[in-house]
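*Asks:* Okay, so here is entry.txt, and as you'll see once you scroll down, it has compact mmCIF, C-alpha atoms.
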```txt
# COMPACT_ATOMS: atom_id res chain seq x y z
CA MET Z 1433 147.15 178.41 -49.23
CA SER Z 1434 150.27 179.66 -47.85
CA VAL Z 1435 153.10 177.10 -47.03
CA PRO Z 1436 154.86 177.40 -43.76
CA ALA Z 1437 158.46 178.23 -44.12
CA ASP Z 1438 159.62 175.17 -42.24
CA ILE Z 1439 157.70 172.70 -44.31
CA THR Z 1440 159.23 171.29 -47.38
CA ALA Z 1441 156.94 170.83 -50.20
CA PRO Z 1442 156.53 167.21 -50.91
CA PRO Z 1443 156.51 165.83 -54.31
CA HIS Z 1444 153.25 165.54 -55.96
CA GLY Z 1445 150.90 163.10 -54.42
CA GLY Z 1446 152.98 162.90 -51.23
CA HIS Z 1447 152.62 164.14 -47.74
CA ALA Z 1448 154.86 166.46 -45.97
CA LEU Z 1449 156.00 166.03 -42.44
CA PRO Z 1450 157.64 168.66 -40.48
CA ALA Z 1451 161.13 168.21 -39.34
CA HIS Z 1452 159.89 168.94 -35.93
CA ILE Z 1453 156.25 168.98 -35.01
CA ALA Z 1454 155.54 172.23 -33.43
CA GLY Z 1455 154.18 172.15 -29.98
CA ALA Z 1456 155.04 168.46 -29.46
CA SER Z 1457 157.72 167.07 -27.11
CA ALA Z 1458 160.90 165.84 -28.76
CA ALA Z 1459 160.91 162.12 -29.64
CA ARG Z 1460 163.13 159.89 -27.39
CA THR Z 1461 165.92 157.82 -28.92
CA PRO Z 1462 165.19 154.15 -28.23
CA ALA Z 1463 167.56 152.74 -25.51
CA PRO Z 1464 169.85 149.87 -26.67
CA ARG Z 1465 168.71 146.43 -25.68
CA PRO Z 1466 170.78 145.17 -22.69
CA ARG Z 1467 173.22 142.24 -23.33
CA ARG Z 1468 172.31 138.90 -21.82
CA ARG Z 1469 174.80 137.87 -19.16
CA PRO Z 1470 176.21 134.27 -19.54
CA ARG Z 1471 175.02 131.75 -17.15
CA ARG Z 1472 177.48 131.21 -14.26
CA GLY Z 1473 177.17 127.39 -14.26
CA VAL Z 1474 178.24 127.11 -17.85
CA VAL Z 1475 181.37 129.19 -17.25
CA ILE Z 1476 182.39 127.14 -14.27
CA GLY Z 1477 181.81 123.89 -16.20
CA VAL Z 1478 183.95 124.95 -19.10
CA ALA Z 1479 186.72 126.16 -16.80
CA GLY Z 1480 186.57 122.93 -14.83
CA ALA Z 1481 186.81 120.86 -17.96
CA VAL Z 1482 189.88 122.80 -19.03
CA LEU Z 1483 191.48 122.41 -15.63
CA LEU Z 1484 190.66 118.71 -15.52
CA ALA Z 1485 192.07 118.16 -18.97
CA GLY Z 1486 195.22 119.99 -17.93
CA ALA Z 1487 195.50 117.99 -14.74
CA ILE Z 1488 195.05 114.72 -16.60
CA GLY Z 1489 197.65 115.79 -19.15
CA ALA Z 1490 200.10 116.77 -16.44
CA THR Z 1491 199.46 113.51 -14.62
CA GLN Z 1492 200.00 111.55 -17.83
CA VAL Z 1493 203.28 113.37 -18.46
CA ALA Z 1494 204.43 112.84 -14.89
CA ALA Z 1495 203.45 109.17 -15.06
CA ASN Z 1496 205.44 108.75 -18.28
CA LEU Z 1497 208.50 110.49 -16.89
CA GLY Z 1498 208.33 108.50 -13.67
CA TYR Z 1499 208.01 105.26 -15.58
CA ASP Z 1500 210.88 106.10 -17.91
CA GLU Z 1501 213.14 106.93 -14.97
CA ALA Z 1502 212.19 103.69 -13.24
CA ALA Z 1503 212.73 101.75 -16.49
CA SER Z 1504 216.21 103.25 -16.84
CA GLY Z 1505 217.02 102.23 -13.26
CA PHE Z 1506 215.67 98.76 -13.95
CA ASP Z 1507 217.80 98.44 -17.09
CA ASP Z 1508 220.93 99.46 -15.16
CA ALA Z 1509 220.15 96.97 -12.42
CA TYR Z 1510 219.44 94.24 -14.98
CA GLU Z 1511 222.72 94.86 -16.81
CA SER Z 1512 224.66 94.92 -13.54
CA THR Z 1513 223.07 91.65 -12.45
CA GLN Z 1514 223.85 90.00 -15.76
CA THR Z 1515 227.48 91.10 -15.41
CA SER Z 1516 227.65 89.70 -11.90
CA PHE Z 1517 225.99 86.46 -12.96
CA ALA Z 1518 228.38 86.13 -15.91
CA ALA Z 1519 231.38 86.48 -13.59
CA LEU Z 1520 229.92 83.94 -11.18
CA ASP Z 1521 229.11 81.55 -14.02
CA GLN Z 1522 232.67 81.81 -15.33
CA ALA Z 1523 234.11 81.17 -11.88
CA THR Z 1524 231.76 78.22 -11.38
CA THR Z 1525 232.70 76.75 -14.75
CA GLN Z 1526 236.38 77.02 -13.85
CA LEU Z 1527 235.72 75.37 -10.51
CA ALA Z 1528 233.89 72.52 -12.25
CA GLU Z 1529 236.85 71.98 -14.58
CA THR Z 1530 239.35 71.98 -11.73
CA THR Z 1531 237.17 69.62 -9.72
CA ASP Z 1532 236.92 67.27 -12.67
CA VAL Z 1533 240.72 67.18 -13.01
CA ALA Z 1534 241.12 66.51 -9.30
CA ASN Z 1535 238.63 63.65 -9.50
CA GLN Z 1536 240.49 62.18 -12.47
CA LEU Z 1537 243.73 62.29 -10.51
CA THR Z 1538 242.39 60.61 -7.41
CA ALA Z 1539 240.42 58.05 -9.43
CA GLY Z 1540 243.50 57.10 -11.43
CA ASP Z 1541 245.86 57.01 -8.48
CA ALA Z 1542 247.19 53.54 -7.75
CA GLY Z 1543 248.94 54.78 -4.64
CA THR Z 1544 252.34 53.96 -6.12
CA LEU Z 1545 253.93 57.37 -5.57
CA THR Z 1546 251.49 59.84 -4.04
CA ASP Z 1547 251.46 60.83 -0.41
CA PRO Z 1548 248.27 59.59 1.33
CA ALA Z 1549 248.05 62.77 3.41
CA ALA Z 1550 248.27 64.94 0.29
CA LYS Z 1551 245.55 62.85 -1.33
CA GLU Z 1552 243.32 63.26 1.71
CA THR Z 1553 243.80 67.04 1.63
CA LEU Z 1554 242.85 67.13 -2.05
CA THR Z 1555 239.77 64.98 -1.46
CA ALA Z 1556 238.64 67.28 1.36
CA ALA Z 1557 239.09 70.36 -0.85
CA VAL Z 1558 236.96 68.78 -3.56
CA ALA Z 1559 234.21 67.94 -1.06
CA ALA Z 1560 234.16 71.49 0.31
CA ALA Z 1561 234.08 72.91 -3.21
CA GLY Z 1562 231.03 70.80 -3.97
CA GLU Z 1563 228.98 72.69 -1.40
CA THR Z 1564 230.18 76.05 -2.74
CA GLN Z 1565 229.39 74.97 -6.26
CA SER Z 1566 225.86 73.94 -5.29
CA ALA Z 1567 225.21 77.34 -3.72
CA ALA Z 1568 226.46 79.09 -6.84
CA HIS Z 1569 224.30 76.95 -9.13
CA GLY Z 1570 221.25 77.70 -7.00
CA LEU Z 1571 221.87 81.42 -7.32
CA LEU Z 1572 222.48 81.22 -11.06
CA ALA Z 1573 219.20 79.34 -11.50
CA ALA Z 1574 217.21 82.35 -10.27
CA ASP Z 1575 214.79 83.87 -12.81
CA LEU Z 1576 215.55 87.52 -13.47
CA PRO Z 1577 212.42 89.74 -13.45
CA ASP Z 1578 211.23 91.21 -16.74
CA ALA Z 1579 210.22 94.83 -17.25
CA GLY Z 1580 207.40 93.96 -19.61
CA ALA Z 1581 205.77 96.35 -22.10
CA LYS Z 1582 205.23 99.98 -21.18
CA PRO Z 1583 201.55 100.72 -20.37
CA THR Z 1584 199.68 103.60 -22.01
CA PHE Z 1585 197.52 105.28 -19.38
CA PHE Z 1586 198.76 107.04 -16.28
CA TRP Z 1587 196.83 104.83 -13.87
CA GLU Z 1588 198.62 101.83 -15.39
CA LEU Z 1589 201.96 103.62 -15.54
CA PHE Z 1590 201.95 104.38 -11.82
CA GLY Z 1591 201.51 100.70 -10.95
CA ALA Z 1592 204.10 99.59 -13.48
CA THR Z 1593 206.58 102.17 -12.16
CA GLU Z 1594 206.24 100.84 -8.64
CA GLN Z 1595 206.74 97.31 -9.95
CA LEU Z 1596 209.90 98.38 -11.79
CA HIS Z 1597 211.31 99.82 -8.57
CA THR Z 1598 210.54 96.55 -6.80
CA HIS Z 1599 212.17 94.49 -9.58
CA ALA Z 1600 215.22 96.76 -9.60
CA GLN Z 1601 215.65 96.14 -5.88
CA GLU Z 1602 215.35 92.40 -6.49
CA LEU Z 1603 218.00 92.63 -9.18
CA ASP Z 1604 220.30 94.62 -6.92
CA GLY Z 1605 219.94 91.92 -4.30
CA LEU Z 1606 220.76 89.17 -6.80
CA SER Z 1607 223.73 91.14 -8.08
CA ASP Z 1608 225.06 91.61 -4.55
CA ASP Z 1609 224.61 87.91 -3.82
CA ALA Z 1610 226.47 86.94 -7.00
CA ASP Z 1611 229.28 89.39 -6.24
CA ALA Z 1612 229.57 87.94 -2.76
CA GLU Z 1613 229.54 84.33 -4.04
CA SER Z 1614 232.17 84.74 -6.78
CA PRO Z 1615 235.12 85.12 -4.37
CA SER Z 1616 233.98 82.00 -2.49
CA VAL Z 1617 233.93 80.02 -5.72
CA ALA Z 1618 237.36 81.38 -6.68
CA ASP Z 1619 238.71 80.47 -3.24
CA ALA Z 1620 237.34 76.94 -3.58
CA ASP Z 1621 239.01 76.63 -6.97
CA SER Z 1622 242.32 77.86 -5.57
CA ALA Z 1623 242.06 75.44 -2.65
CA ILE Z 1624 241.66 72.48 -4.99
CA ASP Z 1625 244.41 73.75 -7.27
CA ASP Z 1626 246.85 74.23 -4.39
CA ALA Z 1627 246.02 70.83 -2.89
CA GLY Z 1628 246.29 69.24 -6.33
CA ILE Z 1629 249.71 70.73 -7.05
CA ALA Z 1630 250.94 69.57 -3.65
CA TYR Z 1631 249.51 66.14 -4.42
CA LEU Z 1632 251.28 65.99 -7.78
CA GLY Z 1633 254.44 67.33 -6.20
CA SER Z 1634 254.41 64.53 -3.68
CA ALA Z 1635 254.39 62.02 -6.53
CA ALA Z 1636 257.20 63.77 -8.41
CA THR Z 1637 259.30 63.98 -5.27
CA ALA Z 1638 258.68 60.35 -4.38
CA ALA Z 1639 260.07 59.19 -7.72
CA SER Z 1640 263.68 59.37 -6.51
CA SER Z 1641 263.03 57.23 -3.44
CA PHE Z 1642 260.96 54.90 -5.59
CA GLU Z 1643 263.91 54.54 -7.94
CA ALA Z 1644 266.22 53.78 -5.01
CA ALA Z 1645 263.85 51.05 -3.90
CA HIS Z 1646 264.05 49.39 -7.33
CA LEU Z 1647 267.74 49.36 -8.13
CA SER Z 1648 267.59 46.37 -10.43
CA ALA Z 1649 265.28 48.08 -12.94
CA ARG Z 1650 266.66 48.65 -16.40
CA ASN Z 1651 268.26 52.00 -17.15
CA ASP Z 1652 265.79 52.98 -19.87
CA ASP Z 1653 262.87 52.52 -17.52
CA VAL Z 1654 264.57 54.43 -14.73
CA ILE Z 1655 265.36 57.28 -17.10
CA ALA Z 1656 261.73 57.34 -18.24
CA LEU Z 1657 260.72 57.57 -14.59
CA ARG Z 1658 263.07 60.49 -14.03
CA ASP Z 1659 261.86 62.31 -17.12
CA ALA Z 1660 258.22 61.83 -16.14
CA ALA Z 1661 258.91 63.08 -12.62
CA SER Z 1662 260.73 66.12 -13.98
CA THR Z 1663 257.82 66.96 -16.28
CA LEU Z 1664 255.27 66.57 -13.50
CA SER Z 1665 257.29 68.77 -11.16
CA LEU Z 1666 256.73 71.65 -13.60
CA ALA Z 1667 252.94 71.49 -13.20
CA ARG Z 1668 251.60 74.75 -11.81
CA THR Z 1669 247.87 74.23 -12.20
CA LEU Z 1670 245.42 71.36 -12.47
CA ASP Z 1671 244.47 70.74 -16.07
CA ALA Z 1672 244.40 67.99 -18.68
CA SER Z 1673 248.16 68.28 -19.13
CA SER Z 1674 248.84 67.70 -15.45
CA VAL Z 1675 246.61 64.62 -15.53
CA ASP Z 1676 248.55 63.27 -18.49
CA SER Z 1677 251.86 63.96 -16.74
CA PHE Z 1678 250.70 62.24 -13.58
CA LEU Z 1679 249.48 59.17 -15.42
CA ALA Z 1680 252.73 59.06 -17.42
CA LEU Z 1681 254.72 59.08 -14.19
CA GLN Z 1682 252.57 56.36 -12.71
CA ASP Z 1683 252.97 54.26 -15.87
CA ALA Z 1684 256.74 54.81 -15.72
CA ALA Z 1685 256.77 53.67 -12.11
CA ASN Z 1686 254.83 50.56 -13.03
CA GLN Z 1687 257.33 49.84 -15.80
CA VAL Z 1688 260.22 50.24 -13.38
CA VAL Z 1689 258.65 47.58 -11.18
CA ALA Z 1690 258.04 45.31 -14.15
CA SER Z 1691 261.57 45.62 -15.49
CA GLU Z 1692 263.07 45.03 -12.05
CA GLN Z 1693 261.05 41.89 -11.68
CA ALA Z 1694 262.27 40.72 -15.10
CA GLU Z 1695 265.88 41.46 -14.19
CA LEU Z 1696 265.64 39.69 -10.86
CA ALA Z 1697 264.08 36.72 -12.58
CA GLU Z 1698 267.11 36.54 -14.88
CA LYS Z 1699 269.48 36.69 -11.90
CA ALA Z 1700 267.61 34.12 -9.85
CA GLY Z 1701 269.45 30.98 -8.81
CA PRO Z 1702 272.32 30.01 -6.52
CA LEU Z 1703 274.37 33.12 -7.42
CA MET Z 1704 271.49 35.54 -6.79
CA ASP Z 1705 272.73 36.99 -3.49
CA ALA Z 1706 276.34 37.27 -4.67
CA ARG Z 1707 275.26 39.02 -7.88
CA LEU Z 1708 273.23 41.58 -5.96
CA GLU Z 1709 276.17 42.20 -3.60
CA VAL Z 1710 278.47 42.78 -6.58
CA GLU Z 1711 276.01 45.23 -8.08
CA ALA Z 1712 275.61 47.11 -4.80
CA PHE Z 1713 279.42 47.31 -4.48
CA ALA Z 1714 279.75 48.72 -8.01
CA ARG Z 1715 277.06 51.37 -7.36
CA SER Z 1716 278.84 52.42 -4.18
CA LEU Z 1717 281.95 53.23 -6.21
CA ALA Z 1718 280.13 55.50 -8.70
CA PRO Z 1719 277.37 57.48 -7.00
CA GLY Z 1720 275.34 59.45 -9.52
CA VAL Z 1721 276.00 57.04 -12.36
CA LEU Z 1722 273.04 54.89 -13.34
CA LEU Z 1723 274.26 51.30 -13.63
CA GLU Z 1724 272.55 48.34 -15.18
CA PHE Z 1725 273.99 44.80 -14.94
CA ASP Z 1726 273.88 41.75 -17.13
CA TRP Z 1727 275.29 38.35 -16.17
CA ASN Z 1728 276.49 35.66 -18.54
CA PRO Z 1729 278.64 32.52 -18.32
CA THR Z 1730 281.40 34.17 -20.36
CA VAL Z 1731 282.13 37.79 -21.16
CA ASN Z 1732 284.87 38.98 -23.47
CA GLY Z 1733 285.89 35.35 -23.88
CA ALA Z 1734 286.52 34.90 -20.14
CA GLY Z 1735 284.61 33.17 -17.38
CA ASP Z 1736 285.65 29.58 -17.61
CA ASN Z 1737 288.30 27.83 -15.51
CA GLY Z 1738 288.41 30.54 -12.87
CA SER Z 1739 288.86 33.40 -15.32
CA MET Z 1740 286.68 36.47 -15.08
CA GLY Z 1741 285.39 38.75 -17.76
CA GLY Z 1742 283.76 42.17 -17.83
CA LEU Z 1743 282.45 44.58 -20.45
CA THR Z 1744 281.09 48.10 -19.96
CA THR Z 1745 279.05 50.17 -22.37
CA TRP Z 1746 278.45 53.87 -21.86
CA TRP Z 1747 277.11 56.79 -23.89
CA TRP Z 1748 278.83 60.16 -24.22
CA ASP Z 1749 275.64 61.80 -25.49
CA GLU Z 1750 273.59 60.34 -22.65
CA PRO Z 1751 275.86 60.76 -19.65
CA ASP Z 1752 275.51 59.29 -16.20
CA ARG Z 1753 274.43 55.86 -17.39
CA ALA Z 1754 276.23 52.64 -18.25
CA VAL Z 1755 275.64 48.91 -18.62
CA ILE Z 1756 278.15 46.52 -17.02
CA GLU Z 1757 278.23 42.90 -18.15
CA LEU Z 1758 280.01 40.41 -15.86
CA SER Z 1759 280.78 36.75 -16.08
CA ASN Z 1760 279.16 34.46 -13.54
CA SER Z 1761 282.64 33.69 -12.20
CA VAL Z 1762 282.84 37.19 -10.74
CA ALA Z 1763 279.92 36.30 -8.46
CA GLU Z 1764 281.29 32.81 -7.85
CA GLN Z 1765 284.58 34.25 -6.53
CA TRP Z 1766 282.98 37.11 -4.63
CA PRO Z 1767 284.12 38.78 -2.39
CA ALA Z 1768 287.71 37.88 -3.35
CA GLU Z 1769 290.00 40.85 -3.89
CA ARG Z 1770 290.55 39.98 -7.52
CA SER Z 1771 286.81 39.96 -8.08
CA ARG Z 1772 286.50 43.38 -6.42
CA ALA Z 1773 289.41 44.73 -8.50
CA LEU Z 1774 287.85 43.61 -11.77
CA VAL Z 1775 284.54 45.21 -10.85
CA ALA Z 1776 286.41 48.43 -9.96
CA HIS Z 1777 288.02 48.42 -13.41
CA GLU Z 1778 284.60 48.16 -15.08
CA VAL Z 1779 283.24 50.95 -12.89
CA GLY Z 1780 286.23 53.02 -14.02
CA HIS Z 1781 284.84 52.80 -17.52
CA ALA Z 1782 281.33 53.65 -16.34
CA ILE Z 1783 282.33 56.71 -14.30
CA SER Z 1784 284.35 58.11 -17.17
CA VAL Z 1785 281.14 59.70 -18.42
CA LYS Z 1786 281.63 62.20 -15.59
CA CYS Z 1787 285.31 62.77 -16.37
CA GLU Z 1788 285.53 62.74 -20.15
CA ASP Z 1789 288.07 65.55 -20.34
CA MET Z 1790 290.56 63.91 -17.95
CA TYR Z 1791 292.01 61.43 -20.40
CA ASP Z 1792 292.47 60.56 -24.05
CA SER Z 1793 289.53 58.44 -25.16
CA SER Z 1794 290.57 58.23 -28.77
CA THR Z 1795 292.13 54.74 -28.55
CA GLN Z 1796 291.10 51.50 -26.92
CA ASP Z 1797 294.45 51.26 -25.14
CA SER Z 1798 294.10 54.66 -23.49
CA ILE Z 1799 290.52 53.82 -22.52
CA GLU Z 1800 291.65 50.62 -20.79
CA LYS Z 1801 294.61 52.38 -19.15
CA TRP Z 1802 292.19 54.96 -17.74
CA ALA Z 1803 289.90 52.33 -16.21
CA THR Z 1804 292.95 50.60 -14.69
CA ALA Z 1805 294.26 53.90 -13.34
CA TRP Z 1806 290.90 54.69 -11.80
CA ALA Z 1807 290.74 51.29 -10.04
CA ILE Z 1808 294.24 51.91 -8.66
CA SER Z 1809 293.20 55.40 -7.47
CA MET Z 1810 290.39 53.76 -5.56
CA GLY Z 1811 292.84 51.45 -3.77
CA PHE Z 1812 292.33 48.23 -5.74
CA THR Z 1813 295.83 46.93 -6.45
CA ASP Z 1814 295.16 43.34 -7.47
CA ASP Z 1815 296.29 42.73 -11.05
CA ALA Z 1816 292.66 41.98 -11.97
CA ASN Z 1817 292.24 45.76 -11.84
CA GLY Z 1818 293.42 45.77 -15.45
CA VAL Z 1819 297.20 45.63 -15.00
CA TRP Z 1820 297.34 41.96 -15.89
CA ALA Z 1821 295.36 42.43 -19.11
CA TYR Z 1822 296.44 45.93 -20.23
CA GLY Z 1823 299.62 46.81 -18.39
CA TYR Z 1824 300.36 49.50 -15.84
CA PRO Z 1825 298.86 52.89 -16.69
CA PRO Z 1826 300.80 56.18 -16.82
CA GLN Z 1827 301.17 57.96 -13.50
CA SER Z 1828 299.49 60.98 -15.07
CA TYR Z 1829 296.35 58.89 -15.52
CA ILE Z 1830 296.46 57.72 -11.93
CA ASP Z 1831 296.89 61.28 -10.71
CA ALA Z 1832 293.99 62.50 -12.88
CA ALA Z 1833 291.80 59.60 -11.77
CA TYR Z 1834 291.92 60.88 -8.18
CA GLY Z 1835 289.83 63.80 -9.37
CA CYS Z 1836 287.14 61.62 -10.90
CA ARG Z 1837 284.58 60.64 -8.33
```
Output the file's structure as structure tokens, nothing else.

*Replies:*
Amino acid sequence: MSVPADITAPPHGGHALPAHIAGASAARTPAPRPRRRPRRGVVIGVAGAVLLAGAIGATQVAANLGYDEAASGFDDAYESTQTSFAALDQATTQLAETTDVANQLTAGDAGTLTDPAAKETLTAAVAAAGETQSAAHGLLAADLPDAGAKPTFFWELFGATEQLHTHAQELDGLSDDADAESPSVADADSAIDDAGIAYLGSAATAASSFEAAHLSARNDDVIALRDAASTLSLARTLDASSVDSFLALQDAANQVVASEQAELAEKAGPLMDARLEVEAFARSLAPGVLLEFDWNPTVNGAGDNGSMGGLTTWWWDEPDRAVIELSNSVAEQWPAERSRALVAHEVGHAISVKCEDMYDSSTQDSIEKWATAWAISMGFTDDANGVWAYGYPPQSYIDAAYGCR
């Protein structure tokens, strides 16, 4: 059998197929299977989930940023309020201290030296300060709001942020109130301080007139009064030191009264009036010299049988003070010219503390000649001026004595 030319011989036992079957239509290539289109609902769901997650993330970020900004504003407001409260607290503490000092002064005042009007002004300032102090304490007692812990989720953060803004506004209000109150507290403190210094000044100033009203007080007590008044006059603010100075002055004034009473008790008796007249006369001759007087039956061996005696002690290192001792006979013969002349001689010794460089004080004779010269310069010519006991002084002493007043 012949084999067609277009047929390949198969291997043994096989079949042969033509590459193309003659007379048959060409075989069609199978069309590819069409792809399945995704479902529309699924796509939208996935996209929505992504968008939602993004929106939630953005909201969370925005909530965090908003909260952090609000927290920073809250912290600034809190710090500012604390600063304002600290300043107010300091001013209030100072006012309390000043008020306490003022109360100590008025409570311890015996009315010996202070001016009643000045005391009334101080008391009124303290009362007014009490109201200011109460207002400040009420403000300082306010509870400052707390920021609390930061929430986690955005829905919590938004609420917390709003609360922080509200708290910050509250803090700003408290800070403004404290800032406004501090000057009022400071003014109240200044008012008490000014009134207190005027009050203390009235006592220091009154010391001189108080001294003049108690002339018979002993020199040491009068000097203590002067020193206390000088110290108190230096007070520039109310504090513990000013209280101590005030009480020291008041104690000194009380001692002046006590010593005067003791001195007057010693001088009591029939010669009382004459003794006081002699003392007043002596003081009139030596203004500015603090004189203290002692009286005894005899002085310097004189005093009996119509004689008169005198003795003066003075201190170069403590000028402007002297103690004059007189015999009772000086008062008994007062106001005789010889009695006046002897007193003038003793005052000449006392006033020499003001005129140390005008004469030679190296010998007792020159000291006595000076006192005699001074009595003569004052117009006392009776021999009891010292001429009888010590002789007539040099004219140079008399001339110099005119310059000692």

*Asks:* Using atom CA of Z:Thr1744 and atom CA of Z:Glu1643 as the two end points, give the distance in Å to one decimal.

*Replies:*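 Result for atom CA of Z:Thr1744 versus atom CA of Z:Glu1643: 21.9 Å, one decimal.
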
*Asks:* Do you have the atom CA of Z:Leu1696-atom CA of Z:Asn1732 distance handy?

*Replies:* 23.0 Å

*Asks:* Please list as a PDB file with C-alpha atoms, keeping the file's coordinate frame every residue within 8 Å of Z:Glu1764, counting only C-alpha atoms and excluding residues in the same chain fewer than 2 positions away.

*Replies:*
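part.pdb written:
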```
ATOM      1  CA  LEU Z1703     274.370  33.120  -7.420  1.00  0.00           C
ATOM      2  CA  ALA Z1706     276.340  37.270  -4.670  1.00  0.00           C
ATOM      3  CA  ASN Z1760     279.160  34.460 -13.540  1.00  0.00           C
ATOM      4  CA  SER Z1761     282.640  33.690 -12.200  1.00  0.00           C
ATOM      5  CA  VAL Z1762     282.840  37.190 -10.740  1.00  0.00           C
ATOM      6  CA  TRP Z1766     282.980  37.110  -4.630  1.00  0.00           C
TER       7      TRP Z1766
END
```

*Asks:* Please report, as CSV, each residue of stretch 1685-1752 of chain Z lying at most 12 Å from stretch 1540-1559 of chain Z, together with the nearest pair of atoms and the separation in Å rounded to one decimal; use only C-alpha atoms, and order rows by chain and ascending residue number.

*Replies:*
```
residue,atom,partner,partner_atom,distance
Z:Ala1685,CA,Z:Thr1544,CA,7.5
Z:Asn1686,CA,Z:Thr1544,CA,8.1
Z:Gln1687,CA,Z:Thr1544,CA,11.6
Z:Val1688,CA,Z:Thr1544,CA,11.3
Z:Val1689,CA,Z:Thr1544,CA,10.3
```

*Asks:* Using only C-alpha atoms, find the one residue out of Z:Met1790, Z:Ala1734, Z:Leu1717, Z:Leu1647 that sits nearest to Z:Asp1831.

*Replies:*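 That would be Z:Met1790, the residue with the smallest distance to Z:Asp1831.
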
*Asks:* Quote the spacing between atom CA of Z:Tyr1829 and atom CA of Z:Ile1799 in Å to one decimal place.

*Replies:*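 Atom CA of Z:Ile1799 lies 10.4 Å from atom CA of Z:Tyr1829.
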
*Asks:* Any chance you could work out the axis-aligned box around stretch 1795-1812 of chain Z, listed atoms only, 4 Å on each side, giving centre and edge lengths in Å to one decimal, as AutoDock Vina command-line options?

*Replies:*
```
--center_x 292.3 --center_y 51.8 --center_z -16.2 --size_x 12.7 --size_y 15.2 --size_z 32.8
```

*Asks:* If you count all atoms listed in the file, which residues fall within 9 Å of Z:Asp1578, apart from same-chain ones fewer than 6 positions away, as a compact mmCIF listing (two decimals) with C-alpha atoms, in the frame of the given file?

*Replies:*
```txt
# COMPACT_ATOMS: atom_id res chain seq x y z
CA TYR Z 1510 219.44 94.24 -14.98
CA LEU Z 1596 209.90 98.38 -11.79
CA HIS Z 1599 212.17 94.49 -9.58
```

*Asks:* Using all atoms listed in the file, can you tell me which of Z:Asp1749, Z:Asp1621, Z:Asp1814, Z:Asp1575 comes closest to Z:Glu1529?

*Replies:* Z:Asp1621

*Asks:* Between Z:Ala1568, Z:Ile1624, Z:Ala1528, Z:Ala1579, which residue has the minimum interatomic distance to Z:Glu1594, considering only C-alpha atoms?

*Replies:* Z:Ala1579

*Asks:* Just checking: using only C-alpha atoms, which residue out of Z:Leu1603, Z:Leu1571, Z:Leu1589, Z:Ala1560 ends up closest to Z:Asp1619?

*Replies:*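 The closest residue to Z:Asp1619 is Z:Ala1560.
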
*Asks:* Using all atoms listed in the file, which residue out of Z:Phe1506, Z:Trp1748, Z:Tyr1824, Z:Phe1725 lies closest to Z:Ala1592?

*Replies:* Z:Phe1506

*Asks:* Neighbours of Z:Leu1497 within 12 Å (all atoms listed in the file; same-chain residues fewer than 4 positions away dropped), as number ranges by chain?

*Replies:* Z: 1490-1493, 1501-1504, 1582, 1586, 1589-1590, 1593
